[in-house]
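Novice: input_36.cif is the file, holding mmCIF, C-alpha atoms:
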data_coords
loop_
_atom_site.label_atom_id
_atom_site.label_comp_id
_atom_site.auth_asym_id
_atom_site.auth_seq_id
_atom_site.Cartn_x
_atom_site.Cartn_y
_atom_site.Cartn_z
CA MET Z 1 56.92 106.56 37.19
CA ILE Z 2 53.23 106.88 36.69
CA SER Z 3 52.33 106.05 33.17
CA GLN Z 4 50.32 108.28 30.95
CA ALA Z 5 46.61 107.82 31.42
CA GLU Z 6 44.90 106.12 28.52
CA ALA Z 7 42.52 108.92 27.79
CA GLY Z 8 43.93 111.49 30.15
CA PRO Z 9 45.08 114.86 28.92
CA ARG Z 10 48.82 115.40 28.75
CA LYS Z 11 49.03 118.42 30.96
CA VAL Z 12 47.71 118.28 34.44
CA ARG Z 13 47.13 121.99 34.56
CA VAL Z 14 44.53 121.78 31.84
CA ALA Z 15 43.31 118.39 32.95
CA LYS Z 16 39.80 119.47 33.74
CA LYS Z 17 39.59 123.01 32.68
CA LEU Z 18 35.90 123.59 32.98
CA VAL Z 19 33.95 126.76 33.37
CA VAL Z 20 33.66 127.82 36.97
CA LYS Z 21 30.05 128.00 37.85
CA ASP Z 22 28.94 131.29 39.16
CA LYS Z 23 26.88 130.22 42.10
CA SER Z 24 26.08 133.68 43.40
CA PRO Z 25 25.57 136.03 40.50
CA VAL Z 26 26.53 139.57 41.33
CA SER Z 27 24.79 142.42 39.53
CA SER Z 28 27.83 143.56 37.62
CA THR Z 29 31.41 142.46 37.22
CA LYS Z 30 32.52 145.99 37.89
CA ASN Z 31 30.96 145.73 41.30
CA LEU Z 32 32.67 142.46 41.93
CA SER Z 33 36.15 143.60 41.00
CA SER Z 34 35.96 146.69 43.16
CA LYS Z 35 34.75 144.50 45.98
CA PHE Z 36 37.81 142.32 45.60
CA GLN Z 37 40.12 145.28 45.58
CA ASN Z 38 38.69 146.45 48.86
CA MET Z 39 39.02 143.01 50.35
CA SER Z 40 42.72 142.90 49.57
CA ILE Z 41 42.90 139.12 49.66
CA GLU Z 42 46.67 139.25 49.41
CA ASP Z 43 46.81 140.58 52.95
CA ASN Z 44 44.16 138.29 54.33
CA SER Z 45 45.75 135.10 53.14
CA ASP Z 46 48.72 135.78 55.40
CA LYS Z 47 46.39 135.27 58.31
CA ILE Z 48 45.09 131.89 57.21
CA THR Z 49 46.75 129.33 59.47
CA PRO Z 50 46.69 125.51 59.52
CA GLU Z 51 44.65 125.78 62.74
CA TYR Z 52 42.11 127.95 60.99
CA VAL Z 53 41.52 125.64 58.03
CA SER Z 54 41.49 122.59 60.30
CA LYS Z 55 38.40 124.00 61.97
CA LEU Z 56 36.44 124.66 58.80
CA LYS Z 57 33.13 122.80 58.81
CA ALA Z 58 32.02 123.46 55.24
CA PRO Z 59 33.60 124.28 51.89
CA THR Z 60 34.82 127.85 51.60
CA SER Z 61 32.80 130.06 49.30
CA GLY Z 62 35.88 131.28 47.47
CA PHE Z 63 39.64 130.83 47.46
CA LEU Z 64 41.52 131.89 50.56
CA CYS Z 65 44.65 133.01 48.77
CA PRO Z 66 45.51 134.56 45.41
CA LEU Z 67 46.82 132.32 42.64
CA THR Z 68 50.00 134.33 42.36
CA LYS Z 69 51.11 133.33 45.85
CA ASN Z 70 52.29 130.00 44.53
CA LYS Z 71 55.84 130.31 43.30
CA TYR Z 72 56.96 127.02 44.82
CA ILE Z 73 55.04 123.96 43.68
CA GLN Z 74 53.77 122.65 40.34
CA PHE Z 75 51.64 119.52 40.32
CA LYS Z 76 52.75 116.99 37.73
CA GLY Z 77 50.51 114.03 38.37
CA PHE Z 78 47.51 112.61 40.16
CA LYS Z 79 46.53 109.01 40.56
CA ILE Z 80 43.74 107.38 42.48
CA ARG Z 81 43.53 103.60 42.81
CA ASP Z 82 41.82 100.82 44.68
CA VAL Z 83 44.71 99.17 46.49
CA ASP Z 84 42.95 95.80 46.86
CA SER Z 85 41.48 95.35 43.39
CA GLY Z 86 44.09 97.37 41.51
CA GLU Z 87 41.41 99.36 39.70
CA ILE Z 88 42.66 102.79 38.68
CA PHE Z 89 40.04 105.49 38.98
CA TYR Z 90 42.12 108.38 37.77
CA ASN Z 91 45.61 108.80 36.38
CA VAL Z 92 47.18 111.81 34.75
CA SER Z 93 50.86 112.50 34.52
CA ASP Z 94 52.92 115.21 32.92
CA PRO Z 95 56.54 114.14 32.46
CA THR Z 96 57.73 117.53 31.20
CA ASP Z 97 59.93 119.91 33.17
CA PRO Z 98 58.13 122.52 35.27
CA GLU Z 99 57.59 125.98 33.86
CA PRO Z 100 59.51 128.94 35.33
CA PHE Z 101 58.22 129.27 38.87
CA ASP Z 102 58.02 133.04 39.08
CA THR Z 103 55.81 133.38 36.01
CA PHE Z 104 53.79 130.19 35.58
CA MET Z 105 50.79 131.58 37.43
CA LYS Z 106 50.55 134.68 35.26
CA GLY Z 107 47.43 134.82 33.13
CA VAL Z 108 45.70 131.80 34.65
CA ASP Z 109 42.32 132.05 36.28
CA ASP Z 110 40.49 130.12 38.98
CA SER Z 111 39.61 127.27 36.63
CA TYR Z 112 43.28 126.34 37.01
CA ARG Z 113 42.69 125.39 40.61
CA THR Z 114 39.16 124.08 40.30
CA LEU Z 115 39.17 120.39 39.42
CA HIS Z 116 36.19 118.31 38.40
CA TYR Z 117 36.56 114.57 38.79
CA GLU Z 118 34.30 111.84 37.55
CA PHE Z 119 34.92 108.44 39.14
CA SER Z 120 33.51 104.99 38.80
CA LYS Z 121 31.05 104.31 41.60
CA ASN Z 122 33.35 101.50 42.72
CA TYR Z 123 35.36 104.25 44.33
CA LEU Z 124 32.72 104.52 47.03
CA LYS Z 125 32.80 100.76 47.62
CA GLY Z 126 36.57 100.45 47.89
CA LYS Z 127 38.15 99.36 51.17
CA HIS Z 128 41.58 100.88 50.73
CA ILE Z 129 42.12 103.78 48.41
CA GLY Z 130 45.52 105.13 47.44
CA THR Z 131 45.83 108.69 46.22
CA THR Z 132 49.13 109.79 44.71
CA VAL Z 133 50.22 113.32 43.97
CA GLU Z 134 53.39 114.16 42.11
CA PHE Z 135 54.87 117.62 42.25
CA ALA Z 136 57.91 119.57 41.11
CA THR Z 137 59.50 122.18 43.35
CA CYS Z 138 61.14 125.54 42.74
CA PRO Z 139 64.92 126.17 42.56
CA GLU Z 140 64.99 127.09 46.25
CA ALA Z 141 64.70 124.55 49.05
CA ILE Z 142 61.28 124.49 50.74
CA PRO Z 143 61.73 124.20 54.47
CA ASN Z 144 58.39 123.03 55.77
CA PHE Z 145 55.71 121.98 53.31
CA ARG Z 146 52.34 120.89 54.66
CA MET Z 147 48.99 119.99 53.16
CA ILE Z 148 45.59 120.00 54.79
CA GLU Z 149 42.66 118.62 52.84
CA ARG Z 150 39.00 118.77 53.89
CA HIS Z 151 36.42 116.59 52.16
CA TYR Z 152 32.71 117.32 52.32
CA PHE Z 153 29.43 115.92 51.15
CA LYS Z 154 26.63 118.44 51.05
CA ASP Z 155 28.50 120.82 53.35
CA LYS Z 156 29.21 118.12 55.91
CA LEU Z 157 32.79 117.12 56.68
CA ILE Z 158 33.38 113.46 55.82
CA LYS Z 159 37.16 113.20 55.89
CA SER Z 160 40.22 115.26 56.61
CA PHE Z 161 43.93 114.83 55.89
CA ASP Z 162 46.85 116.65 57.40
CA PHE Z 163 50.29 115.76 56.11
CA SER Z 164 53.67 117.39 56.63
CA PHE Z 165 56.07 116.77 53.78
CA GLY Z 166 58.67 118.78 55.62
CA PHE Z 167 61.77 119.62 53.63
CA CYS Z 168 61.73 119.64 49.82
CA ILE Z 169 64.97 119.48 47.83
CA PRO Z 170 65.54 122.35 45.33
CA ASN Z 171 64.35 121.54 41.79
CA SER Z 172 63.05 118.20 42.99
CA ARG Z 173 60.31 115.92 41.80
CA ASN Z 174 58.40 114.19 44.53
CA THR Z 175 55.50 111.86 45.08
CA TRP Z 176 53.27 111.08 48.01
CA GLU Z 177 50.83 108.22 48.09
CA ASN Z 178 48.35 108.13 50.89
CA VAL Z 179 46.77 104.71 51.36
CA TYR Z 180 43.81 104.98 53.66
CA GLU Z 181 40.93 102.94 54.87
CA VAL Z 182 37.69 104.21 53.40
CA PRO Z 183 35.12 104.79 56.11
CA LYS Z 184 32.14 102.48 55.57
CA ILE Z 185 29.22 104.39 54.24
CA SER Z 186 25.59 103.41 54.58
CA SER Z 187 23.69 102.31 51.49
CA SER Z 188 21.49 105.37 51.72
CA LEU Z 189 24.50 107.70 51.78
CA TYR Z 190 26.04 105.74 48.90
CA LYS Z 191 22.89 106.30 46.90
CA GLU Z 192 22.78 109.94 47.81
CA MET Z 193 26.38 110.52 46.76
CA LEU Z 194 25.70 108.83 43.43
CA GLN Z 195 22.63 110.91 42.80
CA ASN Z 196 24.21 114.23 43.66
CA PRO Z 197 27.02 115.06 41.27
CA GLU Z 198 29.53 117.66 42.45
CA GLN Z 199 28.06 117.70 45.96
CA THR Z 200 31.08 115.76 47.14
CA CYS Z 201 33.92 118.24 47.16
CA SER Z 202 37.20 119.14 48.79
CA ASP Z 203 39.34 122.09 49.77
CA SER Z 204 43.09 121.55 49.68
CA PHE Z 205 45.28 124.01 51.53
CA TYR Z 206 49.05 124.14 51.13
CA PHE Z 207 51.40 125.83 53.56
CA ILE Z 208 55.05 126.69 53.78
CA ASN Z 209 56.12 127.44 57.33
CA ASP Z 210 52.43 127.59 58.23
CA LYS Z 211 51.76 130.32 55.64
CA LEU Z 212 49.09 129.56 53.05
CA PHE Z 213 50.40 129.75 49.49
CA MET Z 214 47.99 127.58 47.52
CA HIS Z 215 44.33 126.61 47.74
CA ASN Z 216 42.66 124.19 45.32
CA LYS Z 217 39.11 122.94 45.06
CA ALA Z 218 37.84 119.66 43.67
CA TYR Z 219 34.32 118.47 42.85
CA PHE Z 220 33.45 114.80 42.52
CA THR Z 221 30.86 112.95 40.51
CA PHE Z 222 30.33 109.18 40.80
CA LYS Z 223 28.91 107.11 37.98
CA MET R 1 34.32 115.72 74.06
CA GLY R 2 37.33 118.01 73.62
CA LEU R 3 39.62 116.18 75.99
CA LEU R 4 38.75 112.81 74.55
CA THR R 5 39.58 114.04 71.09
CA ILE R 6 42.92 115.37 72.29
CA LEU R 7 43.76 112.10 74.01
CA LYS R 8 42.79 110.09 71.00
CA LYS R 9 44.80 112.33 68.76
CA ASN R 10 47.87 112.13 70.94
CA LYS R 11 47.66 108.39 71.09
CA LEU R 12 47.32 108.23 67.36
CA LYS R 13 50.31 110.49 66.93
CA GLU R 14 52.44 108.12 68.96
CA LYS R 15 51.33 105.25 66.81
CA GLU R 16 52.85 106.76 63.75
CA ILE R 17 55.97 105.04 62.60
CA ARG R 18 58.39 106.86 60.37
CA LEU R 19 60.77 104.87 58.22
CA LEU R 20 63.53 106.40 56.15
CA MET R 21 64.80 104.42 53.18
CA LEU R 22 68.25 105.35 51.92
CA GLY R 23 71.05 103.84 49.88
CA LEU R 24 73.12 104.58 46.81
CA ASP R 25 71.44 105.39 43.52
CA ASN R 26 70.10 102.39 41.64
CA ALA R 27 69.97 100.24 44.79
CA GLY R 28 66.27 99.63 44.25
CA LYS R 29 64.63 101.76 46.94
CA THR R 30 61.70 102.97 44.87
CA THR R 31 61.16 99.52 43.39
CA ILE R 32 60.96 98.05 46.90
CA LEU R 33 58.49 100.73 47.91
CA LYS R 34 56.29 100.08 44.91
CA LYS R 35 56.53 96.32 45.06
CA ILE R 36 55.40 96.07 48.69
CA ASN R 37 52.52 98.27 47.75
CA GLY R 38 51.37 96.14 44.85
CA GLU R 39 52.27 98.65 42.17
CA ASP R 40 53.68 98.26 38.70
CA ILE R 41 57.51 98.26 38.73
CA SER R 42 58.17 98.08 35.00
CA THR R 43 59.07 101.75 34.55
CA ILE R 44 60.93 103.34 37.41
CA SER R 45 63.14 106.35 36.88
CA PRO R 46 65.76 107.78 39.25
CA THR R 47 64.20 109.59 42.20
CA LEU R 48 65.08 113.28 42.02
CA GLY R 49 63.50 114.10 45.36
CA PHE R 50 61.42 111.82 47.55
CA ASN R 51 58.63 109.27 47.31
CA ILE R 52 56.48 108.94 50.38
CA LYS R 53 53.99 106.23 51.18
CA THR R 54 51.57 106.59 54.01
CA MET R 55 49.70 103.45 54.95
CA GLU R 56 47.89 101.70 57.72
CA LEU R 57 49.45 98.49 59.00
CA ASP R 58 47.93 96.57 61.89
CA GLY R 59 46.32 99.74 63.17
CA TYR R 60 49.53 101.74 63.00
CA LYS R 61 50.18 104.53 60.63
CA LEU R 62 53.31 103.95 58.65
CA ASN R 63 55.14 106.66 56.76
CA ILE R 64 57.93 105.48 54.49
CA TRP R 65 60.25 108.07 52.99
CA ASP R 66 62.29 106.99 50.01
CA VAL R 67 64.80 109.72 49.25
CA GLY R 68 66.86 109.72 46.05
CA GLY R 69 70.35 108.23 46.25
CA GLN R 70 72.17 110.18 43.56
CA LYS R 71 75.34 111.94 44.66
CA SER R 72 73.84 115.43 44.30
CA ILE R 73 70.93 114.47 46.54
CA ARG R 74 72.81 112.64 49.30
CA SER R 75 73.77 115.92 50.98
CA TYR R 76 70.05 116.51 51.60
CA TRP R 77 69.51 113.20 53.39
CA ARG R 78 70.09 114.83 56.76
CA ASN R 79 66.97 116.93 56.28
CA TYR R 80 64.92 113.75 56.68
CA PHE R 81 66.52 112.32 59.84
CA GLU R 82 64.22 114.03 62.34
CA GLN R 83 61.80 111.68 64.11
CA THR R 84 62.95 108.65 62.14
CA ASP R 85 62.08 105.42 63.97
CA GLY R 86 63.67 103.07 61.48
CA LEU R 87 66.31 103.30 58.79
CA ILE R 88 66.15 100.97 55.81
CA TRP R 89 69.47 100.80 53.99
CA VAL R 90 69.17 99.30 50.53
CA ILE R 91 72.09 97.69 48.72
CA ASP R 92 72.50 96.50 45.16
CA SER R 93 74.07 93.13 46.02
CA ALA R 94 75.42 92.82 42.48
CA ASP R 95 77.12 96.22 42.45
CA ARG R 96 80.78 96.90 41.59
CA LYS R 97 83.51 96.69 44.22
CA ASP R 98 84.12 100.45 44.34
CA ARG R 99 80.40 101.05 44.80
CA PHE R 100 80.40 98.63 47.74
CA GLU R 101 83.21 100.67 49.27
CA LEU R 102 81.18 103.83 48.77
CA CYS R 103 78.09 102.13 50.17
CA LYS R 104 80.00 101.16 53.31
CA LYS R 105 81.35 104.68 53.73
CA GLU R 106 77.90 106.27 53.40
CA LEU R 107 76.31 103.82 55.82
CA LEU R 108 79.01 104.33 58.44
CA SER R 109 78.67 108.09 58.25
CA LEU R 110 74.89 107.77 58.66
CA LEU R 111 75.31 105.66 61.76
CA LYS R 112 77.33 108.46 63.33
CA GLU R 113 74.37 110.81 63.03
CA GLU R 114 72.90 111.49 66.42
CA ARG R 115 69.37 112.00 65.16
CA ILE R 116 69.11 108.49 63.74
CA ALA R 117 71.53 106.75 66.10
CA GLY R 118 68.76 104.99 68.04
CA ALA R 119 66.65 104.00 65.05
CA SER R 120 66.21 100.34 64.15
CA LEU R 121 68.33 99.47 61.12
CA LEU R 122 67.20 97.10 58.40
CA ILE R 123 69.61 96.33 55.60
CA PHE R 124 68.05 95.01 52.44
CA ALA R 125 70.59 93.02 50.41
CA ASN R 126 68.61 93.59 47.25
CA LYS R 127 68.81 92.12 43.74
CA GLN R 128 69.32 88.55 44.94
CA ASP R 129 67.66 87.47 41.69
CA LEU R 130 70.85 88.45 39.83
CA PRO R 131 73.45 85.65 39.50
CA SER R 132 76.36 87.93 40.44
CA ALA R 133 74.77 89.03 43.71
CA LEU R 134 76.81 88.68 46.86
CA SER R 135 75.15 86.70 49.62
CA LYS R 136 73.78 88.34 52.73
CA ASP R 137 76.61 86.80 54.79
CA GLN R 138 79.26 88.19 52.45
CA ILE R 139 77.71 91.64 52.66
CA GLN R 140 77.37 91.42 56.43
CA GLU R 141 81.07 90.69 56.68
CA PHE R 142 82.11 93.35 54.19
CA LEU R 143 80.08 96.04 55.93
CA GLU R 144 81.34 94.83 59.34
CA LEU R 145 77.80 94.91 60.65
CA ASP R 146 78.77 92.92 63.73
CA THR R 147 80.63 95.95 65.04
CA ILE R 148 77.43 98.01 65.20
CA GLU R 149 76.41 98.51 68.80
CA SER R 150 74.45 101.75 68.61
CA CYS R 151 71.21 100.22 67.38
CA HIS R 152 69.20 97.08 66.67
CA TRP R 153 70.01 95.88 63.18
CA ASN R 154 69.09 93.09 60.83
CA ILE R 155 70.18 92.17 57.33
CA GLN R 156 67.68 90.62 54.97
CA SER R 157 68.40 89.26 51.52
CA CYS R 158 65.66 90.18 49.10
CA SER R 159 64.63 90.84 45.54
CA ALA R 160 62.50 93.85 44.79
CA TYR R 161 62.01 92.38 41.33
CA THR R 162 60.39 89.16 42.54
CA GLY R 163 59.21 90.57 45.84
CA GLU R 164 61.01 87.86 47.81
CA ASN R 165 61.48 88.63 51.52
CA LEU R 166 60.34 92.25 51.29
CA VAL R 167 57.43 91.77 53.64
CA LYS R 168 59.63 89.72 55.99
CA GLY R 169 62.06 92.64 56.29
CA MET R 170 59.30 95.17 56.78
CA LYS R 171 57.76 93.04 59.48
CA TRP R 172 61.06 92.82 61.33
CA ILE R 173 61.64 96.55 61.38
CA THR R 174 58.09 97.52 62.36
CA ASN R 175 58.02 94.89 65.10
CA ASP R 176 61.39 96.01 66.40
CA ILE R 177 60.28 99.63 66.50
CA ARG R 178 57.03 98.70 68.14
CA SER R 179 58.72 96.70 70.86
CA ARG R 180 61.15 99.55 71.55
CA ILE R 181 58.69 102.43 71.49
CA PHE R 182 55.31 101.06 72.35
CA LEU R 183 56.41 98.79 75.16
CA LEU R 184 54.22 100.68 77.59
CA ASP R 185 51.04 100.38 75.53
#
Spit out the file's structure as structure tokens when you get a sec.
Specialist:
Amino acid sequence: MISQAEAGPRKVRVAKKLVVKDKSPVSSTKNLSSKFQNMSIEDNSDKITPEYVSKLKAPTSGFLCPLTKNKYIQFKGFKIRDVDSGEIFYNVSDPTDPEPFDTFMKGVDDSYRTLHYEFSKNYLKGKHIGTTVEFATCPEAIPNFRMIERHYFKDKLIKSFDFSFGFCIPNSRNTWENVYEVPKISSSLYKEMLQNPEQTCSDSFYFINDKLFMHNKAYFTFK
Amino acid sequence: MGLLTILKKNKLKEKEIRLLMLGLDNAGKTTILKKINGEDISTISPTLGFNIKTMELDGYKLNIWDVGGQKSIRSYWRNYFEQTDGLIWVIDSADRKDRFELCKKELLSLLKEERIAGASLLIFANKQDLPSALSKDQIQEFLELDTIESCHWNIQSCSAYTGENLVKGMKWITNDIRSRIFLLD
């Protein structure tokens, strides 16, 4: 089991609950909410396929599916380490049982799925990085669970992951560590990434039977 | 550009090796997985689902699936058979007699499964650091491994606690898979 992070918060869901920046201010919130109603994102998210997100060339401007679509997975831990040096860049773990799956998304807002990470700059120098996610699953079996993650720097794709977990056992607790070779980056890009907090970001898309049910965003700062 | 990408992708796909690690509860599957990956093994709790490791080894992508061994979970093992290139069966070499019987029964029923029949089979005789551990030869005889004809197999004594022989076993199974599947490369 992943141990509790030294200074990490106990609950992953509130790990980095920061205010979502409003990048494109709209004249009034009333306007915005009526706009959303017309868009009917619930319907649109059914059309988001793995093929579609695999072709994305830049971060999405918003979330491609409503929060309430997720009744299946609750994240319980994240860990990022340098496999060669053993340095741990990030480690949070929540050993508690998952909340009821049909209600846990009620009352949460987009800050729930917007994560802000701050890593040591050694992260960019690492040769092999291991990222671990831990998640609990709902009381029903999940037939075909798949994750696609797109990483960008300044709206340019730098890395992409596509992993099929396949079957998940009912009420299970699972981990996946992905150990990958970090692409060598030039010293100028290294500098640029250091100097531009939150310009390195990712979209994570989660599918069951190729249907999108969860979309998270992460923003990275290196120090 | 498109075709090249497709070719490259297809080639890469073929170079993915999928290993499935099974065995009774408390055999040491998760400890093995963590130890070969240089992780802390001081606090490991029973796996109530799966632990997957994806890693690059000699240019090949290796996916190792460690699925929990508790009785309630064993009935789900079959959901992980598909596309398995190698099966790693882990044994607590210092286990009780009745557990050895159960271990034999579970292994034999796995070997009857069509979907993993051709997979390379590595048996880790784990916990050799314990004084009461049976030797690899004793286990080989008890499990009647010599009667297995459906697949390539190998038994390796090891200790997940000390790390002894873990890499040796992993090397055998990946090499065996490679020579079977990638012969035409």
Novice: In Å to one decimal, how far is atom CA of Phe50 of chain R from atom CA of Ile73 of chain R?
Specialist: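 Separating atom CA of Ile73 of chain R from atom CA of Phe50 of chain R is a distance of 9.9 Å.
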Novice: Could you tell me which residues the PyMOL selection byres ((chain R) within 9 of (chain Z)) returns for this structure, as a PDB file with C-alpha atoms, in the frame of the given file?
Specialist:
ATOM      1  CA  ASN R  37      52.520  98.270  47.750  1.00  0.00           C
ATOM      2  CA  GLY R  38      51.370  96.140  44.850  1.00  0.00           C
ATOM      3  CA  GLU R  39      52.270  98.650  42.170  1.00  0.00           C
ATOM      4  CA  ASP R  40      53.680  98.260  38.700  1.00  0.00           C
ATOM      5  CA  ILE R  41      57.510  98.260  38.730  1.00  0.00           C
ATOM      6  CA  SER R  42      58.170  98.080  35.000  1.00  0.00           C
ATOM      7  CA  THR R  43      59.070 101.750  34.550  1.00  0.00           C
ATOM      8  CA  ILE R  44      60.930 103.340  37.410  1.00  0.00           C
ATOM      9  CA  SER R  45      63.140 106.350  36.880  1.00  0.00           C
ATOM     10  CA  THR R  47      64.200 109.590  42.200  1.00  0.00           C
ATOM     11  CA  LEU R  48      65.080 113.280  42.020  1.00  0.00           C
ATOM     12  CA  GLY R  49      63.500 114.100  45.360  1.00  0.00           C
ATOM     13  CA  PHE R  50      61.420 111.820  47.550  1.00  0.00           C
ATOM     14  CA  ASN R  51      58.630 109.270  47.310  1.00  0.00           C
ATOM     15  CA  ILE R  52      56.480 108.940  50.380  1.00  0.00           C
ATOM     16  CA  LYS R  53      53.990 106.230  51.180  1.00  0.00           C
ATOM     17  CA  THR R  54      51.570 106.590  54.010  1.00  0.00           C
ATOM     18  CA  MET R  55      49.700 103.450  54.950  1.00  0.00           C
ATOM     19  CA  GLU R  56      47.890 101.700  57.720  1.00  0.00           C
ATOM     20  CA  ILE R  73      70.930 114.470  46.540  1.00  0.00           C
ATOM     21  CA  TYR R  76      70.050 116.510  51.600  1.00  0.00           C
ATOM     22  CA  ASN R  79      66.970 116.930  56.280  1.00  0.00           C
ATOM     23  CA  TYR R  80      64.920 113.750  56.680  1.00  0.00           C
TER      24      TYR R  80
END
Novice: If you apply the PyMOL selection byres ((chain R and resi 112-118) around 7) to this file, what residues do you get, as a list of chain:residue names?
Specialist: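 Listing what the PyMOL selection byres ((chain R and resi 112-118) around 7) selects in the shown file: R:Phe81, R:Glu82, R:Thr84, R:Leu108, R:Ser109, R:Leu110, R:Leu111, R:Ala119, R:Ser120, R:Ser150, R:Cys151.
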Novice: What's around Tyr90 of chain Z at 8 Å? Count only C-alpha atoms, leave out sequence neighbours fewer than 6 positions away in its own chain, and write the answer as a PyMOL selection string.
Specialist: chain Z and resi 5+78-81+119
Novice: When you count all atoms listed in the file, which of these residues is closest to Thr68 of chain Z: Z:Arg113, Z:Lys55, Z:Lys156, Z:Lys47?
Specialist: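 When distances to Thr68 of chain Z are compared using all atoms listed in the file, the smallest one comes from Z:Arg113.
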Novice: Given the PyMOL selection byres ((chain R and resi 121) around 6) and the file above, list the residues it selects as a PDB file with C-alpha atoms, keeping the file's coordinate frame.
Specialist:
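For reference, result37.pdb as written:
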ATOM      1  CA  GLY R  86      63.670 103.070  61.480  1.00  0.00           C
ATOM      2  CA  LEU R  87      66.310 103.300  58.790  1.00  0.00           C
ATOM      3  CA  ILE R  88      66.150 100.970  55.810  1.00  0.00           C
ATOM      4  CA  SER R 120      66.210 100.340  64.150  1.00  0.00           C
ATOM      5  CA  LEU R 122      67.200  97.100  58.400  1.00  0.00           C
ATOM      6  CA  TRP R 153      70.010  95.880  63.180  1.00  0.00           C
TER       7      TRP R 153
END
Novice: Up to 12 Å from (77.1, 85.7, 51.1) in the file's coordinates: name the residues, counting all atoms listed in the file, as a count of residues only.
Specialist: 19
Novice: Could you check which of Z:Ser54, Z:Leu124, Z:Lys71, Z:Asp46 is closest to Thr103 of chain Z, using all atoms listed in the file?
Specialist: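 Of Z:Ser54, Z:Leu124, Z:Lys71, Z:Asp46, the one nearest Thr103 of chain Z is Z:Lys71, counting all atoms listed in the file.
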Novice: Can you write segment 171-182 of chain R from the block above with N, CA and C atoms, as a PDB file, in the first residue's frame?
Specialist:
ATOM      1  N   LYS R 171      13.338 -12.861 -16.481  1.00  0.00           N
ATOM      2  CA  LYS R 171      14.101 -12.949 -17.725  1.00  0.00           C
ATOM      3  C   LYS R 171      13.728 -14.208 -18.486  1.00  0.00           C
ATOM      4  N   TRP R 172      13.582 -15.319 -17.753  1.00  0.00           N
ATOM      5  CA  TRP R 172      13.231 -16.565 -18.427  1.00  0.00           C
ATOM      6  C   TRP R 172      11.895 -16.419 -19.158  1.00  0.00           C
ATOM      7  N   ILE R 173      10.908 -15.899 -18.459  1.00  0.00           N
ATOM      8  CA  ILE R 173       9.568 -15.886 -19.072  1.00  0.00           C
ATOM      9  C   ILE R 173       9.500 -14.901 -20.245  1.00  0.00           C
ATOM     10  N   THR R 174      10.141 -13.743 -20.114  1.00  0.00           N
ATOM     11  CA  THR R 174      10.083 -12.799 -21.240  1.00  0.00           C
ATOM     12  C   THR R 174      10.870 -13.326 -22.438  1.00  0.00           C
ATOM     13  N   ASN R 175      12.008 -13.967 -22.171  1.00  0.00           N
ATOM     14  CA  ASN R 175      12.775 -14.554 -23.275  1.00  0.00           C
ATOM     15  C   ASN R 175      12.011 -15.677 -23.956  1.00  0.00           C
ATOM     16  N   ASP R 176      11.342 -16.497 -23.137  1.00  0.00           N
ATOM     17  CA  ASP R 176      10.592 -17.612 -23.711  1.00  0.00           C
ATOM     18  C   ASP R 176       9.454 -17.105 -24.593  1.00  0.00           C
ATOM     19  N   ILE R 177       8.768 -16.080 -24.115  1.00  0.00           N
ATOM     20  CA  ILE R 177       7.672 -15.500 -24.892  1.00  0.00           C
ATOM     21  C   ILE R 177       8.210 -14.896 -26.183  1.00  0.00           C
ATOM     22  N   ARG R 178       9.301 -14.184 -26.031  1.00  0.00           N
ATOM     23  CA  ARG R 178       9.886 -13.526 -27.189  1.00  0.00           C
ATOM     24  C   ARG R 178      10.281 -14.544 -28.252  1.00  0.00           C
ATOM     25  N   SER R 179      10.894 -15.634 -27.822  1.00  0.00           N
ATOM     26  CA  SER R 179      11.339 -16.614 -28.811  1.00  0.00           C
ATOM     27  C   SER R 179      10.154 -17.327 -29.456  1.00  0.00           C
ATOM     28  N   ARG R 180       9.047 -17.430 -28.735  1.00  0.00           N
ATOM     29  CA  ARG R 180       7.861 -18.069 -29.318  1.00  0.00           C
ATOM     30  C   ARG R 180       7.148 -17.135 -30.277  1.00  0.00           C
ATOM     31  N   ILE R 181       6.989 -15.861 -29.854  1.00  0.00           N
ATOM     32  CA  ILE R 181       6.114 -14.959 -30.595  1.00  0.00           C
ATOM     33  C   ILE R 181       6.845 -14.101 -31.602  1.00  0.00           C
ATOM     34  N   PHE R 182       8.055 -13.709 -31.259  1.00  0.00           N
ATOM     35  CA  PHE R 182       8.722 -12.733 -32.112  1.00  0.00           C
ATOM     36  C   PHE R 182       9.812 -13.367 -32.964  1.00  0.00           C
TER      37      PHE R 182
END
